[in-house]
Structure formats: C-alpha cells, structure tokens
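The block underneath contains the structure these notes are about, expressed in structure tokens.
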Amino acid sequence: MRELRIHGRGGQGSVTAAELIATAAFTAGVYSQAFPAFGVERRGAPVQAFVRFSDEKIRLRSQVYEPDYIIVQDSTLIRDVNVFAGMKDGGIAIINTEKKAEYNIPKGVKLIIIDATKIALEEIGLPITNTTLMGAFAAASGEISLDALKDAIFDRFGEKLGASNFAAAKRAFELVKEDKL
C-alpha cells in the first residue's frame, strides 16, 4: 500500500484533491481511499487530507502517519506543522512555493518545488492550486495517469471549469516530467 498526505489550509481544495486523486486511481483499476482530517476549523486553518493506493482491498481506516508522498499546498505551513513527519525513505515531497528555500526534509526524500500558485493564476485565473498540484503528483509518483486525472477533473468540474483546471494540471505534469523546475 502507498500513502499520500496533503497539507493545506481550509478553502484550498485539499479534500477535493484527495477525492479526485483517489477517483483517478480507482478508475485506472487500483483500490483507493480518500478522507480528510479537520475539526471545526474554518477557512485558512491547517487541514490534512489523505489518499491510499493498493492493489488489494484497503481495510485500514487510520490517518496517514508514514506517507510515501506529501503535497504541501501552502509553504507557510512548514513553519507551524511538521509536514515531513514520518515520511518514508524514497518518498516524494511536493511543495507549492516560488521560493527555492532550504527545507529540513528527511534523508532519502525527493523534493519537488513548483510554483503552483503562478500556474493556477495563469490557467484558472484563481490562486487555487489543488488541480495544479495533482498534475505534479501524477508526474512525480506515477500513481495516476494524466488521462485518468483529466477524466476525474472533468467529471467533477464540468466542461468550462474542467478545461482550465486540467490545463493547470497538465502544465504542472509536463514541468515535473521534463524536470524543468
């Protein structure tokens, strides 16, 4: 089983990203599970969402404590939350930021820095980065295909919003695949 933990703030679409990633994996024939972890927080408060992928049925229902992958939608969370906690050796951390800062990542973890906010603003017209980061995740992890991601995005958002959100996801996918970050 492989696990993803998404760190974001309320209103950034972390839960939607988890659901769409799980949907894309499931439609490609992989068992998947997505769920959030948040209390009564409101917009802007730290939230987490989780995704599991497996070739067998998933019976585990706990939060993800030792992820293979993390996505950080807002790099300011790194000051307040140990987003790298429990990351597995060989894991991948994807951080949305325009800054090439030094992060205290665990040994053996691959770091991918992408300015998902800039891409989202240019493609969607809003600083909502979830679909952009989903594209980066698809390229970096290989857990979901770009086609499966496209289907999940269009199913969720419809034709007009789906087109702009997929354009952002595809652009991030291609940047990560071509290692042009």
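Following the order of the structure tokens, chains are lettered A, B, ..., residues in each are numbered from 1, and ligands are numbered from 1.
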
Inset, instruction - Return as a PyMOL selection string the full set of residues in chain A whose backbone-based DSSP assignment is helix (DSSP H, G or I). - result: chain A and resi 14-27+77-80+116-123+130-141+146-177

How close does stretch 39-110 of chain A get to stretch 9-13 of chain A? List, as a tab-separated table, each residue of stretch 39-110 of chain A within 10 Å, its nearest atom pair and the distance in Å to one decimal, counting only C-alpha atoms.
```
residue	atom	partner	partner_atom	distance
A:Glu41	CA	A:Gly10	CA	7.5
A:Arg42	CA	A:Gly10	CA	6.1
A:Arg43	CA	A:Gly10	CA	4.2
A:Gly44	CA	A:Gly10	CA	4.7
A:Ala45	CA	A:Arg9	CA	5.1
A:Pro46	CA	A:Arg9	CA	4.4
A:Val47	CA	A:Arg9	CA	5.3
A:Gln48	CA	A:Arg9	CA	8.1
A:Ala49	CA	A:Gly13	CA	9.6
A:Val72	CA	A:Arg9	CA	9.6
A:Gln73	CA	A:Gln12	CA	7.5
A:Asp74	CA	A:Arg9	CA	7.2
A:Thr76	CA	A:Arg9	CA	9.9
A:Leu77	CA	A:Arg9	CA	8.3
```

Residues as selected, all heavy atoms, written as an mmCIF file, in the first residue's frame, can you do that?
```cif
data_model
loop_
_atom_site.group_PDB
_atom_site.id
_atom_site.type_symbol
_atom_site.label_atom_id
_atom_site.label_comp_id
_atom_site.auth_asym_id
_atom_site.auth_seq_id
_atom_site.Cartn_x
_atom_site.Cartn_y
_atom_site.Cartn_z
ATOM 1 N N GLU A 41 -12.404 23.836 12.324
ATOM 2 C CA GLU A 41 -11.662 24.972 11.781
ATOM 3 C C GLU A 41 -12.412 25.597 10.607
ATOM 4 O O GLU A 41 -13.245 24.970 9.988
ATOM 5 C CB GLU A 41 -10.276 24.519 11.292
ATOM 6 C CG GLU A 41 -9.355 24.087 12.384
ATOM 7 C CD GLU A 41 -9.466 22.591 12.660
ATOM 8 O OE1 GLU A 41 -10.205 21.887 11.973
ATOM 9 O OE2 GLU A 41 -8.816 22.131 13.606
ATOM 10 N N ARG A 42 -12.021 26.794 10.321
ATOM 11 C CA ARG A 42 -12.648 27.500 9.206
ATOM 12 C C ARG A 42 -11.608 27.818 8.133
ATOM 13 O O ARG A 42 -10.452 27.439 8.259
ATOM 14 C CB ARG A 42 -13.319 28.768 9.718
ATOM 15 C CG ARG A 42 -12.352 29.729 10.374
ATOM 16 C CD ARG A 42 -13.127 30.916 10.960
ATOM 17 N NE ARG A 42 -12.234 31.857 11.531
ATOM 18 C CZ ARG A 42 -11.790 31.842 12.773
ATOM 19 N NH1 ARG A 42 -12.151 30.874 13.577
ATOM 20 N NH2 ARG A 42 -10.981 32.775 13.209
ATOM 21 N N ARG A 43 -12.033 28.525 7.126
ATOM 22 C CA ARG A 43 -11.161 28.874 6.012
ATOM 23 C C ARG A 43 -9.839 29.441 6.529
ATOM 24 O O ARG A 43 -9.810 30.309 7.382
ATOM 25 C CB ARG A 43 -11.861 29.909 5.125
ATOM 26 C CG ARG A 43 -11.061 30.296 3.908
ATOM 27 C CD ARG A 43 -11.836 31.206 2.979
ATOM 28 N NE ARG A 43 -12.994 30.570 2.381
ATOM 29 C CZ ARG A 43 -12.960 29.762 1.326
ATOM 30 N NH1 ARG A 43 -11.806 29.475 0.772
ATOM 31 N NH2 ARG A 43 -14.053 29.250 0.830
ATOM 32 N N GLY A 44 -8.739 28.898 5.996
ATOM 33 C CA GLY A 44 -7.415 29.357 6.374
ATOM 34 C C GLY A 44 -6.744 28.522 7.450
ATOM 35 O O GLY A 44 -5.539 28.617 7.635
ATOM 36 N N ALA A 45 -7.500 27.711 8.167
ATOM 37 C CA ALA A 45 -6.912 26.863 9.212
ATOM 38 C C ALA A 45 -6.228 25.654 8.565
ATOM 39 O O ALA A 45 -6.660 25.182 7.512
ATOM 40 C CB ALA A 45 -7.997 26.388 10.168
ATOM 41 N N PRO A 46 -5.163 25.138 9.178
ATOM 42 C CA PRO A 46 -4.489 23.954 8.616
ATOM 43 C C PRO A 46 -5.417 22.748 8.553
ATOM 44 O O PRO A 46 -6.178 22.483 9.479
ATOM 45 C CB PRO A 46 -3.347 23.691 9.603
ATOM 46 C CG PRO A 46 -3.112 24.999 10.277
ATOM 47 C CD PRO A 46 -4.465 25.651 10.360
ATOM 48 N N VAL A 47 -5.385 22.056 7.417
ATOM 49 C CA VAL A 47 -6.145 20.820 7.231
ATOM 50 C C VAL A 47 -5.226 19.778 6.593
ATOM 51 O O VAL A 47 -4.197 20.115 6.014
ATOM 52 C CB VAL A 47 -7.397 21.007 6.341
ATOM 53 C CG1 VAL A 47 -8.372 21.987 6.954
ATOM 54 C CG2 VAL A 47 -7.026 21.440 4.944
ATOM 55 N N GLN A 48 -5.629 18.538 6.723
ATOM 56 C CA GLN A 48 -4.927 17.446 6.068
ATOM 57 C C GLN A 48 -5.960 16.586 5.361
ATOM 58 O O GLN A 48 -7.090 16.454 5.816
ATOM 59 C CB GLN A 48 -4.177 16.576 7.079
ATOM 60 C CG GLN A 48 -3.031 17.256 7.761
ATOM 61 C CD GLN A 48 -2.342 16.333 8.753
ATOM 62 O OE1 GLN A 48 -2.344 15.124 8.604
ATOM 63 N NE2 GLN A 48 -1.750 16.917 9.762
ATOM 64 N N ALA A 49 -5.541 16.014 4.263
ATOM 65 C CA ALA A 49 -6.362 15.039 3.556
ATOM 66 C C ALA A 49 -5.436 13.884 3.191
ATOM 67 O O ALA A 49 -4.218 14.082 3.038
ATOM 68 C CB ALA A 49 -6.998 15.648 2.312
ATOM 69 N N VAL A 72 2.276 19.805 -0.198
ATOM 70 C CA VAL A 72 2.106 20.958 0.679
ATOM 71 C C VAL A 72 1.575 22.093 -0.189
ATOM 72 O O VAL A 72 2.307 22.635 -1.014
ATOM 73 C CB VAL A 72 3.424 21.350 1.376
ATOM 74 C CG1 VAL A 72 3.208 22.547 2.297
ATOM 75 C CG2 VAL A 72 3.998 20.167 2.146
ATOM 76 N N GLN A 73 0.309 22.442 0.011
ATOM 77 C CA GLN A 73 -0.314 23.469 -0.815
ATOM 78 C C GLN A 73 0.105 24.883 -0.424
ATOM 79 O O GLN A 73 0.019 25.793 -1.241
ATOM 80 C CB GLN A 73 -1.833 23.362 -0.735
ATOM 81 C CG GLN A 73 -2.361 22.154 -1.465
ATOM 82 C CD GLN A 73 -3.850 22.250 -1.656
ATOM 83 O OE1 GLN A 73 -4.616 21.894 -0.781
ATOM 84 N NE2 GLN A 73 -4.243 22.744 -2.804
ATOM 85 N N ASP A 74 0.511 25.058 0.826
ATOM 86 C CA ASP A 74 0.883 26.379 1.315
ATOM 87 C C ASP A 74 2.174 26.224 2.111
ATOM 88 O O ASP A 74 2.177 25.659 3.209
ATOM 89 C CB ASP A 74 -0.236 26.923 2.204
ATOM 90 C CG ASP A 74 0.035 28.311 2.740
ATOM 91 O OD1 ASP A 74 1.199 28.755 2.729
ATOM 92 O OD2 ASP A 74 -0.923 28.957 3.187
ATOM 93 N N THR A 76 3.818 28.141 3.903
ATOM 94 C CA THR A 76 3.868 28.748 5.231
ATOM 95 C C THR A 76 3.494 27.739 6.318
ATOM 96 O O THR A 76 3.826 27.941 7.486
ATOM 97 C CB THR A 76 2.964 29.990 5.354
ATOM 98 O OG1 THR A 76 1.604 29.602 5.191
ATOM 99 C CG2 THR A 76 3.348 31.047 4.321
ATOM 100 N N LEU A 77 2.844 26.663 5.946
ATOM 101 C CA LEU A 77 2.505 25.618 6.912
ATOM 102 C C LEU A 77 3.749 24.960 7.492
ATOM 103 O O LEU A 77 3.728 24.448 8.610
ATOM 104 C CB LEU A 77 1.640 24.536 6.256
ATOM 105 C CG LEU A 77 0.195 24.896 5.987
ATOM 106 C CD1 LEU A 77 -0.448 23.871 5.069
ATOM 107 C CD2 LEU A 77 -0.575 24.990 7.292
#
```

Contacts of A:Lys99 at 9 Å (only C-alpha atoms; same-chain gap of 6+ positions) as a PDB file with N, CA and C atoms, in the first residue's frame:
```
ATOM      1  N   ILE A 113       9.846  21.287  -5.926  1.00  0.00           N
ATOM      2  CA  ILE A 113       9.343  22.640  -5.687  1.00  0.00           C
ATOM      3  C   ILE A 113       8.674  23.105  -6.976  1.00  0.00           C
ATOM      4  N   ILE A 114       7.423  23.550  -6.856  1.00  0.00           N
ATOM      5  CA  ILE A 114       6.704  24.035  -8.031  1.00  0.00           C
ATOM      6  C   ILE A 114       5.882  25.251  -7.639  1.00  0.00           C
ATOM      7  N   ASP A 115       5.881  26.262  -8.477  1.00  0.00           N
ATOM      8  CA  ASP A 115       5.077  27.457  -8.223  1.00  0.00           C
ATOM      9  C   ASP A 115       3.668  27.210  -8.779  1.00  0.00           C
TER      10      ASP A 115
END
```

Inset, instruction - Identify which of the residues A:Asn130, A:Glu98, A:Arg52, A:Ser14 lies closest to A:Pro67, counting only C-alpha atoms when measuring atom-to-atom distances. - result: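 Under the stated criterion, the closest residue is A:Arg52.
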
Inset, instruction - Write out as a count of residues only which residues come within 6 Å of stretch 163-172 of chain A when counting only C-alpha atoms, dropping same-chain ones fewer than 5 positions away. - result: 7

Inset, instruction - Return the single residue from A:Arg79, A:Ile6, A:Tyr65, A:Thr23 that is closest to A:Phe50, with distances computed using only C-alpha atoms. - result: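 Of A:Arg79, A:Ile6, A:Tyr65, A:Thr23, the one nearest A:Phe50, counting only C-alpha atoms, is A:Ile6.
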
Legend entry - All residues 9 Å or closer to A:Arg156, only C-alpha atoms, same chain fewer than 5 positions away omitted, as a list in words: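 My reading of the contact set: Leu20, Asp151 and Gly162 of chain A.
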
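Going from atom CA of A:Ala93 to atom CA of A:Phe137 covers 9.1 Å.
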
Inset, instruction - May I have the residues within 7 Å of A:Ser32 as a VMD selection string, using only C-alpha atoms and disregarding those fewer than 5 positions away in the same chain? - result: chain A and resid 22 25 to 26 51 to 54

How about saving the chosen residues, all heavy atoms kept, as a compact mmCIF listing (two decimals), in the first residue's frame?
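Contents of selection.txt, as written:
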```txt
# COMPACT_ATOMS: atom_id res chain seq x y z
N ALA A 22 -7.92 9.91 -5.67
CA ALA A 22 -8.44 8.56 -5.39
C ALA A 22 -9.35 8.10 -6.52
O ALA A 22 -9.30 6.93 -6.93
CB ALA A 22 -9.17 8.54 -4.06
N ALA A 25 -7.23 7.09 -9.50
CA ALA A 25 -6.58 5.80 -9.26
C ALA A 25 -7.59 4.65 -9.39
O ALA A 25 -7.30 3.62 -10.02
CB ALA A 25 -5.94 5.79 -7.87
N PHE A 26 -8.77 4.84 -8.83
CA PHE A 26 -9.79 3.79 -8.87
C PHE A 26 -10.24 3.49 -10.29
O PHE A 26 -10.38 2.33 -10.68
CB PHE A 26 -10.99 4.19 -8.00
CG PHE A 26 -12.04 3.14 -7.92
CD1 PHE A 26 -11.87 2.02 -7.14
CD2 PHE A 26 -13.22 3.26 -8.65
CE1 PHE A 26 -12.84 1.03 -7.07
CE2 PHE A 26 -14.19 2.29 -8.60
CZ PHE A 26 -14.01 1.16 -7.81
N VAL A 51 -4.80 9.98 1.05
CA VAL A 51 -5.16 9.04 -0.01
C VAL A 51 -4.31 7.79 0.18
O VAL A 51 -3.12 7.88 0.47
CB VAL A 51 -4.90 9.62 -1.42
CG1 VAL A 51 -5.37 8.64 -2.50
CG2 VAL A 51 -5.56 10.97 -1.60
N ARG A 52 -4.96 6.65 0.00
CA ARG A 52 -4.24 5.37 -0.01
C ARG A 52 -4.46 4.72 -1.36
O ARG A 52 -5.55 4.81 -1.93
CB ARG A 52 -4.76 4.46 1.10
CG ARG A 52 -4.36 4.90 2.47
CD ARG A 52 -4.61 3.81 3.51
NE ARG A 52 -4.03 4.24 4.77
CZ ARG A 52 -4.74 4.81 5.76
NH1 ARG A 52 -6.04 4.96 5.65
NH2 ARG A 52 -4.14 5.19 6.86
N PHE A 53 -3.42 4.01 -1.84
CA PHE A 53 -3.47 3.27 -3.10
C PHE A 53 -3.02 1.85 -2.79
O PHE A 53 -2.03 1.65 -2.09
CB PHE A 53 -2.49 3.84 -4.12
CG PHE A 53 -2.55 5.32 -4.30
CD1 PHE A 53 -1.74 6.17 -3.56
CD2 PHE A 53 -3.41 5.88 -5.22
CE1 PHE A 53 -1.78 7.54 -3.72
CE2 PHE A 53 -3.46 7.26 -5.41
CZ PHE A 53 -2.65 8.08 -4.66
N SER A 54 -3.70 0.87 -3.36
CA SER A 54 -3.28 -0.51 -3.14
C SER A 54 -3.80 -1.40 -4.26
O SER A 54 -4.82 -1.11 -4.89
CB SER A 54 -3.80 -1.02 -1.79
OG SER A 54 -3.36 -2.34 -1.57
```

Legend entry - Computed interatomic separation between atom CA of A:Ile112 and atom CA of A:Tyr31 (Å): 25.8 Å

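Atom CA of A:Ala17 sits 24.0 Å away from atom CA of A:Asp89.
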
Inset, instruction - May I ask which of the residues A:Leu149, A:Ile78, A:Met1, A:Ala34 is the closest one to A:Glu56, counting only C-alpha atoms? - result: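 Closest to A:Glu56, using only C-alpha atoms: A:Met1.
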
Inset, instruction - Write down as a count of residues only the residues of chain A whose backbone DSSP state falls under strand (DSSP E). - result: 38

Excluding A:Val109 and residues on its chain fewer than 5 positions from it, collect all residues at most 10 Å away from it, counting only C-alpha atoms, and give them as a CSV table (one decimal) with N, CA and C atoms, in the first residue's frame.
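The result, stored in part_13.csv:
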```
chain,number,residue,atom,x,y,z
A,68,ASP,N,4.2,7.9,1.8
A,68,ASP,CA,5.2,7.8,0.7
A,68,ASP,C,5.3,9.1,0.0
A,69,TYR,N,4.2,9.9,0.1
A,69,TYR,CA,4.2,11.1,-0.6
A,69,TYR,C,3.5,12.2,0.2
A,84,PHE,N,6.7,17.0,7.2
A,84,PHE,CA,7.6,15.9,6.8
A,84,PHE,C,7.6,14.7,7.8
A,87,MET,N,7.8,10.6,7.0
A,87,MET,CA,8.0,10.3,5.6
A,87,MET,C,8.9,9.2,5.4
A,88,LYS,N,8.6,8.3,4.5
A,88,LYS,CA,9.4,7.1,4.2
A,88,LYS,C,10.6,7.5,3.3
A,89,ASP,N,11.7,6.7,3.5
A,89,ASP,CA,12.9,6.8,2.7
A,89,ASP,C,12.4,6.5,1.3
A,90,GLY,N,12.8,7.3,0.3
A,90,GLY,CA,12.4,7.1,-1.1
A,90,GLY,C,11.1,7.8,-1.4
A,91,GLY,N,10.6,8.5,-0.4
A,91,GLY,CA,9.3,9.3,-0.6
A,91,GLY,C,9.5,10.5,-1.5
A,92,ILE,N,8.4,11.2,-1.8
A,92,ILE,CA,8.4,12.4,-2.6
A,92,ILE,C,7.6,13.4,-1.9
A,93,ALA,N,8.2,14.6,-1.7
A,93,ALA,CA,7.5,15.8,-1.2
A,93,ALA,C,7.4,16.9,-2.2
```

Legend entry - Option closest in space to A:Glu66, from A:Ile95, A:Ala37, A:Ala152, A:Leu4 [counting only C-alpha atoms]: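 Looking only at the distances to A:Glu66, the closest residue turns out to be A:Leu4.
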
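Remark: for A:Asp147, the closest of the candidate residues A:Asn82, A:Thr16, A:Ser62, A:Thr27 is A:Thr27 (distances computed over only C-alpha atoms).
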
Inset, instruction - Determine the nearest neighbour of A:Asp179 from the options A:Leu111, A:Ile21, A:Leu121, A:Ile128, counting only C-alpha atoms. - result: A:Leu111
